[in-house]
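Visitor: Take a look at the following structure, please.
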Protein chains: 2
Amino acid sequence: MGPPDVSDTNPLALDIVAGNRRALARAITLVESTRADHRRDAVALLDQLAQISDRQALRIGLSGTPGVGKSTFTESFGMQLIAKGLKVAVLAVDPSSTRSGGSILGDKTRMERLSREAGAFIRPSPSQTALGGVARRSREAVALCEAAGFDIVLIETVGVGQSETMVADMADLFVLLLAPAGGDELQGIKRGIMEIADLILVNKADGDLKPAATRTCADYAGALRLLRRRAYDPDDFPKARVVSALTEFGLAEAWQEMTTLADWRRKNGHWEKRRAQQAQFWFHQELRDGFLTRLTADADATETIATLEAEVLRGTLSPAAAAERAIAAVMQK
Amino acid sequence: MGPPDVSDTNPLALDIVAGNRRALARAITLVESTRADHRRDAVALLDQLAQISDRQALRIGLSGTPGVGKSTFTESFGMQLIAKGLKVAVLAVDPSSTRSGGSILGDKTRMERLSREAGAFIRPSPSQTALGGVARRSREAVALCEAAGFDIVLIETVGVGQSETMVADMADLFVLLLAPAGGDELQGIKRGIMEIADLILVNKADGDLKPAATRTCADYAGALRLLRRRAYDPDDFPKARVVSALTEFGLAEAWQEMTTLADWRRKNGHWEKRRAQQAQFWFHQELRDGFLTRLTADADATETIATLEAEVLRGTLSPAAAAERAIAAVMQK
């Protein structure tokens with residue numbers, strides 16, 4: 001089997017694979033669009049890219065509440081990776097912008113150095129979209145960055161609602177950035193999040209806060225030891241470490257931990273297994289959403305659904321029974 | 001039109017409407033089951049209840065991180081409502097038990113007084129279910145409690161992942177219970193959550209913590225004033241207040257705020273509108289899920305999907321394109 005025949009390939013796909021950043025930005029705008037014709041083009045583009053490129057980046061999910069220093073960390077950490085000759089894409093995922101209509105990581109001005117680097121690509125979170133849309137768009141943006149040849153894709157999210165789980169479901173590693181805190185606050189960390197974290201980094205280990213950061217890190221390390229061992233971890237993971245995004249203290253060690261973990265998972269088959277499970281999960285999501293989209297485009301189905309919906313709104317029919325009837329009617333047709 | 005003909009009605013439905021608590025508990029177990037025959041029975045039961053009962057409870061969503069005193073609050077607050085002659089159901093929603101396999105509000109022992117009351121019904125969160133399942137099951141349990149004649153349904157959740165949004169999507173009011181904190185921590189509150197809260201209660205306004213609680217409450221009240229006015233709120237909502245679940249300080253006032261808000265929304269049409277929007281939202285969720293369930297029960301469809309899924313797992317087909325082909329194949333049939 002020779003190289004794939006690219007004569008029929010969308011020029012945009014070829015530009016992306018060639019590393020053209022403007023083409024990448026345009027493609028991300030395309031997957032972000034909700035217009036039906038854009039959506040068709042986006043699906044075709046992603047499909048072509050899947051056929052002509054099998055590049056894989058290390059996808060790192062990064063979560064941290066506002067105030068923890070996430071932008072500073074991303075800037076410092078990203079610059080270290082760039083210095084190693086790696087190409088770094090940063091994608092922000094912010095489902096809270098659904099309700100507020102604004103993006104927290106509103107612009108690139110908070111990562112001034114990184115945004116000027118030729119090997120870096122920063123894409124802020126768009127606003128005003130449905131929650132399901134956030135997941136699909138982010139996942140597809142990750143796929144575009146991989147096809148464009150980035151070595152690292154950092155997927156950033158604030159700790160809002162379901163966003164951490166969503167990001168973990170599209171990342172190879174999940175890093176949780178925390179601030180130094182009193183011992184009492186340890187219980188405040190969300191239980192489900194502890195269980196998906198591969199690496200906890202306690203930031204601000206500089207100046208007056210260094211002792212508190214060290215203490216907090218020890219507390220989290222203790223808490224992590226209480227969790228059940230996960231099959232996809234080497235013995236001493238998940239880990240907690242201190243870093244300072246400001247002084248760059250601990251960043252090289254944090255990167256070392258990430259590569260150690262990634263290499264171990266690759267060697268032991270967990271990397272591919274996780275990717276396959278994620279692909280399956282997203283496929284099922286697409287099936288769910290795609291069916292609904294298809295229904296709302298069909299006039300007969302729309303009418304059936306509207307009639308049933310009216311009964312649901314009046315309270316005379318339960319959502320479950322209405323859905324059953326609607327599906328039966330549409331499938332019969 | 002006379003009363004509905006109940007001669008064909010499931011005896012379980014009649015028992016629930018008659019206020020039989022054991023029947024209610026059995027029905028909740030039924031909606032929690034994932035077995036296909038149980039599911040059919042559950043859908044039929046909910047449908048019958050929708051036809052024979054139009055009772056509405058005040059559904060109050062209540063969120064608070066572990067350690068904030070949520071069980072103590074629910075116990076004290078619930079006892080106050082019971083003393084007013086109201087019937088109170090408490091449902092716990094804990095999506096984190098998906099991963100951990102355990103329930104945080106594991107039993108009724110943490111609400112000892114309330115669990116002994118004839119007018120109260122407490123249902124802990126079951127474990128080991130898929131996330132989508134948590135939402136459906138909780139929503140259907142709420143509908144069952146309403147049909148059983150409860151005046152208040154308290155839907156409790158820990159602040160994990162998407163659970164707050166999910167609970168808000170099935171509640172008439174959303175109450176956020178917080179602990180006294182330093183001024184710095186204000187920024188740590190999740191932005192999306194602030195925007196769905198109708199009432200913030202700062203707990204532990206007793207003993208040494210009272211000044212901190214009062215200060216924290218003022219901070220939150222200030223933050224709430226910065227949010228955009230919502231069309232479905234009277235002028236001075238959302239509000240922040242201090243309470244002490246331990247001494248019962250402020251609980252009567254908190255209840256007063258909830259009834260004021262609920263009455264205002266009823267009078268201004270927002271209550272019905274919100275319920276209708278929620279019903280529509282859940283109907284669409286059911287459509288999505290129901291379609292996938294239907295597909296996996298069809299041998300031909302299962303084969304088509306398995307073939308496409310294999311391509312997705314190999315990385316040669318994008319989830320979006322695979323879903324499109326699967327849907328096209330199944331709809332054509």
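Within each chain, counting starts at residue 1; across the structure tokens, chains are named A, B, ... in the order shown, with ligands numbered 1 upward in that order.
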What residues in region 14-234 of chain B get the DSSP label strand (DSSP E or B)? Please answer as JSON, numbers by chain.

Guide: {"B": [58, 59, 60, 61, 62, 63, 88, 89, 90, 91, 92, 93, 120, 121, 122, 123, 152, 153, 154, 155, 156, 157, 173, 174, 175, 176, 177, 178, 199, 200, 201, 202]}

Visitor: As a list in words, please: the residues near Asp172 (chain B) (cut-off 8 Å, only C-alpha atoms, same-chain neighbours under 3 positions excluded).

Guide: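 The residues that qualify are Leu58, Arg59, Ile60, Gly61, Ala168, Ala262, Trp271, Arg274 and Arg275 of chain B.
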
Visitor: For the selection you just gave me, I'd like the residues written to a file as a short mmCIF file (atom, residue, chain, number, x, y, z; two decimals), in the first residue's frame, keeping C-alpha atoms.

Guide:
```cif
data_model
loop_
_atom_site.label_atom_id
_atom_site.label_comp_id
_atom_site.auth_asym_id
_atom_site.auth_seq_id
_atom_site.Cartn_x
_atom_site.Cartn_y
_atom_site.Cartn_z
CA LEU B 58 -42.13 22.62 45.32
CA ARG B 59 -38.93 21.06 44.02
CA ILE B 60 -35.91 22.53 45.76
CA GLY B 61 -32.44 21.70 44.45
CA ALA B 168 -31.14 22.72 38.72
CA ALA B 262 -41.81 30.63 44.34
CA TRP B 271 -42.98 28.75 37.22
CA ARG B 274 -39.61 26.79 33.62
CA ARG B 275 -41.40 23.49 34.16
#
```

Visitor: Taking into account only C-alpha atoms, which residue in the set A:Asp198, A:Asp151, A:Asp219, A:Asp298 is nearest to chain B?

Guide: A:Asp298

Visitor: Pick out the closest residue to Gly149 (chain B) from this set: B:Gly78, B:Gly19, B:Pro66, B:Gly290. Count only C-alpha atoms.

Guide: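 The shortest atom-to-atom distance to Gly149 (chain B) comes from B:Gly19.
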